[in-house]
file run.csv (CSV, C-alpha atoms)
chain,number,residue,atom,x,y,z
A,282,MET,CA,153.4,168.9,22.7
A,283,SER,CA,154.7,171.5,20.2
A,284,ILE,CA,156.8,173.4,22.7
A,285,GLU,CA,159.3,170.5,22.7
A,286,LEU,CA,159.8,170.9,18.9
A,287,ARG,CA,160.2,174.6,19.2
A,288,LYS,CA,162.8,174.3,21.9
A,289,HIS,CA,164.6,171.7,19.9
A,290,ILE,CA,164.8,173.9,16.7
A,291,GLU,CA,165.7,177.0,18.7
A,292,LYS,CA,168.8,175.3,20.1
A,293,ILE,CA,170.1,175.9,16.6
A,294,THR,CA,168.1,178.9,15.2
A,295,PRO,CA,165.7,181.3,16.8
A,296,LEU,CA,162.1,181.4,15.4
A,297,SER,CA,159.3,184.0,15.5
A,298,ASP,CA,155.9,182.7,16.5
A,299,LYS,CA,154.7,183.0,12.9
A,300,GLU,CA,157.7,181.0,11.6
A,301,PHE,CA,157.2,178.3,14.2
A,302,ASP,CA,153.4,178.0,13.5
A,303,TYR,CA,154.2,177.7,9.8
A,304,ILE,CA,156.7,174.9,10.5
A,305,LEU,CA,154.5,173.1,12.9
A,306,SER,CA,151.6,173.1,10.5
A,307,HIS,CA,153.6,170.6,8.4
A,308,PHE,CA,153.9,168.1,11.2
A,309,THR,CA,151.3,165.6,12.3
A,310,THR,CA,150.9,164.3,15.8
A,311,ARG,CA,150.8,160.6,16.4
A,312,LYS,CA,150.4,158.5,19.6
A,313,LEU,CA,151.4,154.9,19.7
A,314,LYS,CA,151.4,152.2,22.4
A,315,LYS,CA,154.4,150.1,23.5
A,316,HIS,CA,155.1,147.4,20.9
A,317,GLN,CA,153.5,149.2,18.0
A,318,PHE,CA,155.5,149.9,14.8
A,319,LEU,CA,156.1,153.3,13.2
A,320,VAL,CA,158.0,151.8,10.3
A,321,GLN,CA,157.7,148.2,9.1
A,322,GLU,CA,160.2,146.4,6.9
A,323,GLY,CA,159.0,146.2,3.3
A,324,ASN,CA,156.6,149.1,3.6
A,325,SER,CA,157.0,152.6,2.2
A,326,VAL,CA,158.4,155.2,4.6
A,327,PRO,CA,156.6,158.5,4.1
A,328,ASN,CA,157.6,160.1,7.4
A,329,ASP,CA,160.4,161.0,9.7
A,330,PHE,CA,159.6,161.2,13.4
A,331,PHE,CA,160.5,163.7,16.1
A,332,VAL,CA,160.1,162.1,19.5
A,333,VAL,CA,158.0,164.1,22.0
A,334,LYS,CA,157.6,161.4,24.6
A,335,GLY,CA,158.7,157.8,24.9
A,336,LEU,CA,161.4,155.5,23.6
A,337,LEU,CA,161.8,153.7,20.3
A,338,LYS,CA,164.4,151.6,18.4
A,339,ALA,CA,165.3,151.2,14.7
A,340,SER,CA,166.6,147.7,13.9
A,341,PHE,CA,167.5,145.4,11.1
A,342,THR,CA,166.5,141.7,11.3
A,343,ASN,CA,168.8,139.5,9.2
A,344,THR,CA,167.8,136.3,7.3
A,345,GLU,CA,168.5,134.2,10.4
A,346,GLY,CA,166.1,136.3,12.4
A,347,LYS,CA,168.8,138.0,14.4
A,348,GLU,CA,168.0,141.6,15.3
A,349,HIS,CA,170.7,144.4,15.0
A,350,ILE,CA,169.7,147.7,16.7
A,351,LEU,CA,170.9,150.6,14.6
A,352,GLN,CA,169.5,153.4,16.7
A,353,PHE,CA,167.5,154.2,19.9
A,354,ALA,CA,165.5,157.4,20.2
A,355,MET,CA,163.9,159.2,23.1
A,356,GLU,CA,162.6,162.7,23.8
A,357,ASP,CA,164.2,165.3,21.6
A,358,TRP,CA,165.6,162.8,19.1
A,359,TRP,CA,164.6,161.9,15.5
A,360,ILE,CA,164.2,158.4,14.3
A,361,CYS,CA,163.4,156.8,10.9
A,362,ASP,CA,164.6,154.4,8.3
A,363,TYR,CA,166.6,157.2,6.6
A,364,GLN,CA,167.8,155.3,3.6
A,365,ALA,CA,164.1,154.4,2.7
A,366,TYR,CA,162.8,157.9,3.7
A,367,PHE,CA,165.3,160.0,1.7
A,368,ASN,CA,165.3,157.7,-1.3
A,369,GLN,CA,161.6,156.9,-1.1
A,370,THR,CA,162.2,153.2,-1.2
A,371,ASN,CA,160.7,150.5,0.9
A,372,ALA,CA,161.9,150.0,4.5
A,373,THR,CA,164.7,147.5,5.3
A,374,LEU,CA,164.4,148.5,9.0
A,375,ASN,CA,161.7,148.3,11.6
A,376,VAL,CA,161.0,151.2,14.0
A,377,ASP,CA,159.0,150.1,17.0
A,378,CYS,CA,158.0,151.5,20.4
A,379,LEU,CA,159.7,150.4,23.6
A,380,GLU,CA,157.3,152.6,25.6
A,381,ASP,CA,154.0,154.4,24.9
A,382,VAL,CA,155.1,157.1,22.4
A,383,GLU,CA,154.1,160.5,21.1
A,384,VAL,CA,155.8,161.7,18.0
A,385,LEU,CA,155.5,164.6,15.5
A,386,SER,CA,155.8,163.2,12.0
A,387,LEU,CA,157.1,165.0,8.9
A,388,SER,CA,156.7,163.8,5.4
A,389,LEU,CA,159.6,164.1,2.9
A,390,SER,CA,157.6,166.5,0.7
A,391,ASN,CA,156.7,168.7,3.7
A,392,ARG,CA,160.4,168.6,4.8
A,393,GLU,CA,161.5,169.8,1.4
A,394,LYS,CA,158.7,172.4,1.3
A,395,ILE,CA,159.5,174.0,4.6
A,396,CYS,CA,163.3,173.9,3.8
A,397,ALA,CA,162.6,175.6,0.5
A,398,ASP,CA,160.3,178.2,2.0
A,399,LEU,CA,162.2,179.0,5.1
A,400,HIS,CA,166.0,179.2,4.9
A,401,LYS,CA,166.3,179.0,8.7
A,402,ILE,CA,164.8,175.5,8.8
A,403,GLU,CA,167.1,174.3,6.0
A,404,HIS,CA,169.9,175.6,8.2
A,405,PHE,CA,168.5,173.7,11.2
A,406,PHE,CA,168.3,170.4,9.3
A,407,ARG,CA,171.8,170.8,7.8
A,408,ARG,CA,173.3,171.4,11.2
A,409,LYS,CA,171.4,168.4,12.7
A,410,SER,CA,172.5,166.2,9.8
A,411,ASN,CA,176.2,167.3,10.3
A,412,MET,CA,175.9,166.3,14.0
A,413,GLY,CA,174.4,163.0,13.1
A,414,TYR,CA,177.1,162.3,10.6
A,415,VAL,CA,179.8,162.9,13.2
A,416,ALA,CA,178.1,160.7,15.7
A,417,LEU,CA,177.9,157.9,13.2
A,418,GLN,CA,181.6,158.2,12.3
A,419,GLN,CA,182.4,157.9,16.0
A,420,ARG,CA,180.2,154.8,16.2
A,421,ILE,CA,182.0,153.2,13.2
A,422,LEU,CA,185.4,154.0,14.9
A,423,SER,CA,184.1,152.3,18.1
A,424,PHE,CA,183.2,149.2,16.1
A,425,MET,CA,186.6,149.2,14.5
A,426,ASN,CA,188.8,150.1,17.4
A,427,SER,CA,187.0,149.2,20.7
A,428,ASP,CA,186.2,145.8,22.2
A,429,ALA,CA,182.8,145.2,23.8
A,430,LYS,CA,183.8,146.8,27.0
A,431,GLY,CA,185.0,150.0,25.3
A,432,ARG,CA,181.8,150.3,23.3
A,433,TYR,CA,179.7,149.7,26.4
A,434,GLU,CA,181.6,152.4,28.3
A,435,GLN,CA,181.3,154.9,25.4
A,436,LEU,CA,177.5,154.4,25.3
A,437,LEU,CA,177.2,154.7,29.0
A,438,LYS,CA,179.1,158.0,29.0
A,439,GLN,CA,177.2,159.4,26.0
A,440,TYR,CA,173.7,158.4,26.9
A,441,PRO,CA,173.5,157.6,30.6
A,442,SER,CA,169.7,158.0,30.6
A,443,LEU,CA,169.3,155.3,28.0
A,444,PHE,CA,170.5,152.7,30.6
A,445,GLN,CA,167.6,153.5,32.9
A,446,ARG,CA,165.1,152.7,30.3
A,447,VAL,CA,166.4,150.2,27.8
A,448,PRO,CA,166.4,146.4,28.6
A,449,LYS,CA,170.0,145.0,28.8
A,450,THR,CA,169.2,142.5,25.9
A,451,LEU,CA,168.6,145.5,23.6
A,452,ILE,CA,171.7,147.3,24.8
A,453,ALA,CA,173.6,144.1,23.9
A,454,SER,CA,172.1,144.1,20.4
A,455,TYR,CA,173.0,147.8,19.9
A,456,LEU,CA,176.6,147.1,20.9
A,457,GLY,CA,176.8,143.9,18.8
A,458,VAL,CA,177.6,141.7,21.7
A,459,SER,CA,175.8,138.7,23.3
A,460,ARG,CA,173.6,139.2,26.4
A,461,GLU,CA,176.2,137.1,28.3
A,462,THR,CA,179.1,139.3,27.3
A,463,LEU,CA,177.1,142.4,28.4
A,464,SER,CA,176.3,140.8,31.7
A,465,ARG,CA,180.0,140.2,32.4
A,466,LEU,CA,180.7,143.9,31.6
A,467,THR,CA,178.0,145.3,33.8
A,468,THR,CA,178.6,143.2,37.0
B,95,MET,CA,189.9,172.9,-11.7
B,96,SER,CA,186.7,174.8,-10.6
B,97,ILE,CA,184.5,173.1,-13.3
B,98,GLU,CA,184.5,169.9,-11.2
B,99,LEU,CA,183.1,171.7,-8.2
B,100,ARG,CA,180.4,173.4,-10.2
B,101,LYS,CA,179.3,170.1,-11.8
B,102,HIS,CA,179.3,168.5,-8.4
B,103,ILE,CA,177.0,171.2,-6.8
B,104,GLU,CA,174.8,171.3,-9.9
B,105,LYS,CA,174.0,167.6,-9.5
B,106,ILE,CA,171.8,168.9,-6.6
B,107,THR,CA,171.1,172.5,-7.5
B,108,PRO,CA,171.6,174.7,-10.6
B,109,LEU,CA,173.7,177.8,-10.2
B,110,SER,CA,174.1,181.0,-12.2
B,111,ASP,CA,177.7,182.0,-13.2
B,112,LYS,CA,177.5,184.8,-10.6
B,113,GLU,CA,176.4,182.4,-7.8
B,114,PHE,CA,179.1,179.9,-8.7
B,115,ASP,CA,181.8,182.6,-8.8
B,116,TYR,CA,180.7,183.8,-5.4
B,117,ILE,CA,180.8,180.3,-4.0
B,118,LEU,CA,184.2,179.5,-5.5
B,119,SER,CA,185.7,182.7,-4.2
B,120,HIS,CA,185.4,181.1,-0.7
B,121,PHE,CA,187.5,178.1,-1.6
B,122,THR,CA,191.3,177.8,-1.8
B,123,THR,CA,193.2,175.5,-4.2
B,124,ARG,CA,195.8,173.2,-2.7
B,125,LYS,CA,198.1,170.7,-4.4
B,126,LEU,CA,199.8,168.0,-2.4
B,127,LYS,CA,202.2,165.2,-3.2
B,128,LYS,CA,201.6,161.5,-2.4
B,129,HIS,CA,202.3,160.8,1.3
B,130,GLN,CA,201.7,164.4,2.4
B,131,PHE,CA,199.1,165.1,5.1
B,132,LEU,CA,196.0,167.4,4.8
B,133,VAL,CA,195.0,166.8,8.5
B,134,GLN,CA,197.2,165.7,11.3
B,135,GLU,CA,196.2,164.2,14.6
B,136,GLY,CA,196.5,166.7,17.4
B,137,ASN,CA,196.3,169.8,15.0
B,138,SER,CA,193.4,172.1,14.5
B,139,VAL,CA,191.2,171.4,11.4
B,140,PRO,CA,190.2,174.7,9.8
B,141,ASN,CA,189.2,173.2,6.4
B,142,ASP,CA,187.0,170.6,4.7
B,143,PHE,CA,188.3,169.3,1.3
B,144,PHE,CA,186.7,168.7,-2.0
B,145,VAL,CA,188.8,166.3,-4.1
B,146,VAL,CA,189.5,167.6,-7.6
B,147,LYS,CA,192.2,165.0,-8.4
B,148,GLY,CA,193.8,162.1,-6.6
B,149,LEU,CA,193.1,159.7,-3.7
B,150,LEU,CA,193.2,160.2,0.0
B,151,LYS,CA,192.3,158.4,3.2
B,152,ALA,CA,191.1,159.4,6.7
B,153,SER,CA,192.3,157.1,9.4
B,154,PHE,CA,192.5,156.6,13.2
B,155,THR,CA,195.7,155.2,14.7
B,156,ASN,CA,195.1,153.6,18.1
B,157,THR,CA,197.4,153.4,21.1
B,158,GLU,CA,199.0,150.2,19.8
B,159,GLY,CA,199.8,151.9,16.5
B,160,LYS,CA,197.1,150.0,14.5
B,161,GLU,CA,195.5,152.1,11.8
B,162,HIS,CA,191.8,152.0,11.1
B,163,ILE,CA,190.6,153.6,7.9
B,164,LEU,CA,187.4,155.5,8.3
B,165,GLN,CA,187.1,156.9,4.8
B,166,PHE,CA,188.7,157.0,1.4
B,167,ALA,CA,188.1,159.9,-1.0
B,168,MET,CA,188.7,160.3,-4.7
B,169,GLU,CA,187.5,162.8,-7.4
B,170,ASP,CA,184.2,164.4,-6.5
B,171,TRP,CA,184.2,163.4,-2.9
B,172,TRP,CA,184.8,165.4,0.3
B,173,ILE,CA,187.1,164.4,3.1
B,174,CYS,CA,188.0,165.7,6.5
B,175,ASP,CA,188.1,165.0,10.2
B,176,TYR,CA,184.5,166.1,10.5
B,177,GLN,CA,184.2,165.8,14.3
B,178,ALA,CA,187.2,168.2,14.7
B,179,TYR,CA,186.1,170.4,11.8
B,180,PHE,CA,182.5,171.0,12.9
B,181,ASN,CA,183.3,171.3,16.6
B,182,GLN,CA,186.6,173.2,16.0
B,183,THR,CA,188.5,170.8,18.2
B,184,ASN,CA,191.9,169.1,17.5
B,185,ALA,CA,192.0,166.3,15.0
B,186,THR,CA,191.9,162.7,16.2
B,187,LEU,CA,192.3,161.5,12.6
B,188,ASN,CA,194.9,161.8,10.0
B,189,VAL,CA,194.0,162.6,6.4
B,190,ASP,CA,196.8,161.8,4.0
B,191,CYS,CA,197.4,161.5,0.2
B,192,LEU,CA,197.6,158.1,-1.4
B,193,GLU,CA,198.4,159.8,-4.8
B,194,ASP,CA,199.4,163.3,-5.8
B,195,VAL,CA,196.3,165.4,-5.0
B,196,GLU,CA,194.5,168.6,-5.9
B,197,VAL,CA,191.8,169.8,-3.5
B,198,LEU,CA,189.6,172.8,-3.0
B,199,SER,CA,189.5,173.7,0.7
B,200,LEU,CA,186.7,175.4,2.5
B,201,SER,CA,187.0,176.8,6.1
B,202,LEU,CA,184.2,176.4,8.5
B,203,SER,CA,183.6,180.1,8.7
B,204,ASN,CA,183.4,180.4,4.9
B,205,ARG,CA,181.1,177.4,4.8
B,206,GLU,CA,178.7,179.0,7.3
B,207,LYS,CA,179.0,182.4,5.4
B,208,ILE,CA,178.1,181.0,2.0
B,209,CYS,CA,175.3,178.9,3.5
B,210,ALA,CA,173.9,182.0,5.2
B,211,ASP,CA,174.2,184.2,2.1
B,212,LEU,CA,173.0,181.7,-0.4
B,213,HIS,CA,170.0,179.4,0.5
B,214,LYS,CA,170.9,177.2,-2.5
B,215,ILE,CA,174.2,176.2,-1.1
B,216,GLU,CA,172.8,175.5,2.3
B,217,HIS,CA,170.3,173.2,0.5
B,218,PHE,CA,173.2,171.5,-1.3
B,219,PHE,CA,175.1,170.8,1.9
B,220,ARG,CA,172.0,169.6,3.7
B,221,ARG,CA,171.3,167.1,0.9
B,222,LYS,CA,175.0,166.0,0.8
B,223,SER,CA,175.0,165.5,4.6
B,224,ASN,CA,171.7,163.4,4.4
B,225,MET,CA,173.3,161.2,1.8
B,226,GLY,CA,176.4,160.8,3.9
B,227,TYR,CA,174.4,159.9,6.9
B,228,VAL,CA,172.6,157.2,5.1
B,229,ALA,CA,175.9,155.8,3.7
B,230,LEU,CA,177.3,155.6,7.3
B,231,GLN,CA,174.2,153.9,8.6
B,232,GLN,CA,174.7,151.3,5.9
B,233,ARG,CA,178.3,150.8,6.9
B,234,ILE,CA,177.3,150.4,10.5
B,235,LEU,CA,174.8,147.7,9.5
B,236,SER,CA,177.5,146.0,7.5
B,237,PHE,CA,179.8,145.9,10.5
B,238,MET,CA,176.9,144.4,12.6
B,239,ASN,CA,175.5,142.0,10.1
B,240,SER,CA,178.1,141.0,7.5
B,241,ASP,CA,181.1,138.9,7.8
B,242,ALA,CA,184.4,140.0,6.1
B,243,LYS,CA,183.2,138.5,2.8
B,244,GLY,CA,179.9,140.4,2.8
B,245,ARG,CA,181.6,143.7,3.7
B,246,TYR,CA,184.2,143.1,0.9
B,247,GLU,CA,181.5,142.4,-1.7
B,248,GLN,CA,179.5,145.4,-0.6
B,249,LEU,CA,182.5,147.7,-1.0
B,250,LEU,CA,183.4,146.2,-4.4
B,251,LYS,CA,179.8,146.8,-5.6
B,252,GLN,CA,179.6,150.3,-4.2
B,253,TYR,CA,183.0,151.6,-5.3
B,254,PRO,CA,184.5,149.3,-8.0
B,255,SER,CA,187.0,152.1,-9.0
B,256,LEU,CA,188.5,152.2,-5.6
B,257,PHE,CA,189.9,148.7,-6.1
B,258,GLN,CA,191.9,149.8,-9.0
B,259,ARG,CA,193.7,152.4,-7.0
B,260,VAL,CA,193.9,151.4,-3.4
B,261,PRO,CA,196.5,148.9,-2.1
B,262,LYS,CA,194.9,145.7,-0.7
B,263,THR,CA,196.4,146.3,2.7
B,264,LEU,CA,194.4,149.6,3.0
B,265,ILE,CA,191.2,147.9,1.8
B,266,ALA,CA,191.7,145.3,4.6
B,267,SER,CA,192.1,148.1,7.1
B,268,TYR,CA,188.9,149.8,5.9
B,269,LEU,CA,187.0,146.6,6.2
B,270,GLY,CA,188.4,145.8,9.6
B,271,VAL,CA,190.0,142.5,8.5
B,272,SER,CA,193.5,141.2,8.3
B,273,ARG,CA,195.5,141.3,5.1
B,274,GLU,CA,195.5,137.5,5.1
B,275,THR,CA,191.7,137.3,5.4
B,276,LEU,CA,191.3,139.7,2.5
B,277,SER,CA,193.7,137.7,0.4
B,278,ARG,CA,191.5,134.6,0.9
B,279,LEU,CA,188.5,136.6,-0.2
B,280,THR,CA,190.0,138.0,-3.3
B,281,THR,CA,191.6,134.8,-4.7
call {"tool": "encode", "arguments": {"input": "run.csv", "output": "structure tokens"}}
result
Amino acid sequence: MSIELRKHIEKITPLSDKEFDYILSHFTTRKLKKHQFLVQEGNSVPNDFFVVKGLLKASFTNTEGKEHILQFAMEDWWICDYQAYFNQTNATLNVDCLEDVEVLSLSLSNREKICADLHKIEHFFRRKSNMGYVALQQRILSFMNSDAKGRYEQLLKQYPSLFQRVPKTLIASYLGVSRETLSRLTT
Amino acid sequence: MSIELRKHIEKITPLSDKEFDYILSHFTTRKLKKHQFLVQEGNSVPNDFFVVKGLLKASFTNTEGKEHILQFAMEDWWICDYQAYFNQTNATLNVDCLEDVEVLSLSLSNREKICADLHKIEHFFRRKSNMGYVALQQRILSFMNSDAKGRYEQLLKQYPSLFQRVPKTLIASYLGVSRETLSRLTT
């Protein structure tokens, strides 16, 4: 399952076998079943996760029990409660598996270590973070400027494969609309 | 005006005089008057901006002429149309000055050059980008979960000094509420 990670990093920076083996040695493989949790609200968040196989979501549940989905992740994506991970505070999000999942997990100390030891991997993570930042700014603009239909169409265009795999109820939660509103949009 | 940039970088990583001089040599000083634009919709976006003095906003104007404020920036912050800057596409945002402004501008090619030449500065930009990513995730959650009052209180708590300097109409646009709604919240 390590070839996926290598391909993923090499989209940004080429690696020698030795460099990749060094990087990989700082990751740990984990397999989880559908419905299991990788991150649970209130717990510490030692690891970030690269998705090798499967589908997950990161979500916030408010005091009334309503779930807001912040992020989905499937193959080749990363997922975590990043506020908790980077600041080493307790999770305010849950990350759970929508399918059986295989991930490679990376602790913050190992992340900092490989970034310090290998300039190339620091470069990789900087570029990934820049891309993520831009994507989040676009999502904020879509909340400010688009109605539900616009947000739905943007998501469909960006991530068509998500729609094959994610239940409509969860798509609605990600878009911040009711299941009924989404039904009207999709029929 | 370079001491501000040095202090800013050294919050994350210490620099020798030589290293800082090298970094600074890739920035250009610019001074602008209130109401001038640093980035204009439709134009190319060669530079990112570190704010030495003054206050700016980055905003999106939709087809009906309504302005949505994506970001404010004051001393010690960075501001740009990041989608356009990182992808070298034309701006979809405007960045304009709410006060007289002094900035240090950094082209994308100079950013990549100093990051490649000096591991420390790549580290600095990775860490800054991680922090920015987390802040944007929090803002998305506040759009999904908070009403106008909650978003207002969160902004007031995070950036009390903004409120001294930014007109209420612009705060309302940042929060995605009407000027009238904001007036009710602030009285």
call {"tool": "residues_around", "arguments": {"input": "run.csv", "residues": "region 420-429 of chain A", "least_positions_apart": "5", "cutoff": "12 Å", "atoms": "only C-alpha atoms", "output": "PyMOL selection string"}}
result
(chain A and resi 351-352+413-415+434-436+439+452-467) or (chain B and resi 152-165+177+186-187+227+229-238+266-271)
call {"tool": "residues_around", "arguments": {"input": "run.csv", "residues": "region 209-212 of chain B", "least_positions_apart": "6", "cutoff": "12 Å", "atoms": "all atoms listed in the file", "output": "list in words"}}
result
Thr294, His400, Lys401, Ile402, Glu403, His404, Phe405, Arg407 and Arg408 of chain A; Thr107, Leu109, Ser110, Lys112, Glu113, Phe114, Tyr116, Ile117, His120, Leu200, Leu202, Ser203, Phe218, Phe219 and Arg220 of chain B
call {"tool": "residues_around", "arguments": {"input": "run.csv", "residues": "region 131-147 of chain B", "least_positions_apart": "2", "cutoff": "6 Å", "atoms": "only C-alpha atoms", "output": "ChimeraX atom specification"}}
result
/B:169-174,179,184-190,195-201
call {"tool": "closest_residue", "arguments": {"input": "run.csv", "among": "A:Leu379, A:Met355, A:Leu286, A:Met412", "to": "Ser306 (chain A)", "atoms": "only C-alpha atoms"}}
result
A:Leu286
call {"tool": "atom_distance", "arguments": {"input": "run.csv", "atom1": "CA of Val447 (chain A)", "atom2": "CA of Leu336 (chain A)"}}
result
8.4 Å
call {"tool": "closest_residue", "arguments": {"input": "run.csv", "among": "B:Ser223, B:Glu193, B:Lys207, B:Lys151", "to": "Leu264 (chain B)", "atoms": "only C-alpha atoms"}}
result
B:Lys151
call {"tool": "closest_residue", "arguments": {"input": "run.csv", "among": "A:Glu291, A:Glu393, A:Thr310, A:Ser283", "to": "chain B", "atoms": "all atoms listed in the file"}}
result
A:Glu393
call {"tool": "closest_residue", "arguments": {"input": "run.csv", "among": "B:Ala178, B:Lys222, B:Phe166, B:Asp194", "to": "His102 (chain B)", "atoms": "only C-alpha atoms"}}
result
B:Lys222
call {"tool": "atom_distance", "arguments": {"input": "run.csv", "atom1": "CA of Arg124 (chain B)", "atom2": "CA of Phe257 (chain B)"}}
result
25.4 Å
call {"tool": "atom_distance", "arguments": {"input": "run.csv", "atom1": "CA of Phe180 (chain B)", "atom2": "CA of Asn204 (chain B)"}}
result
12.4 Å
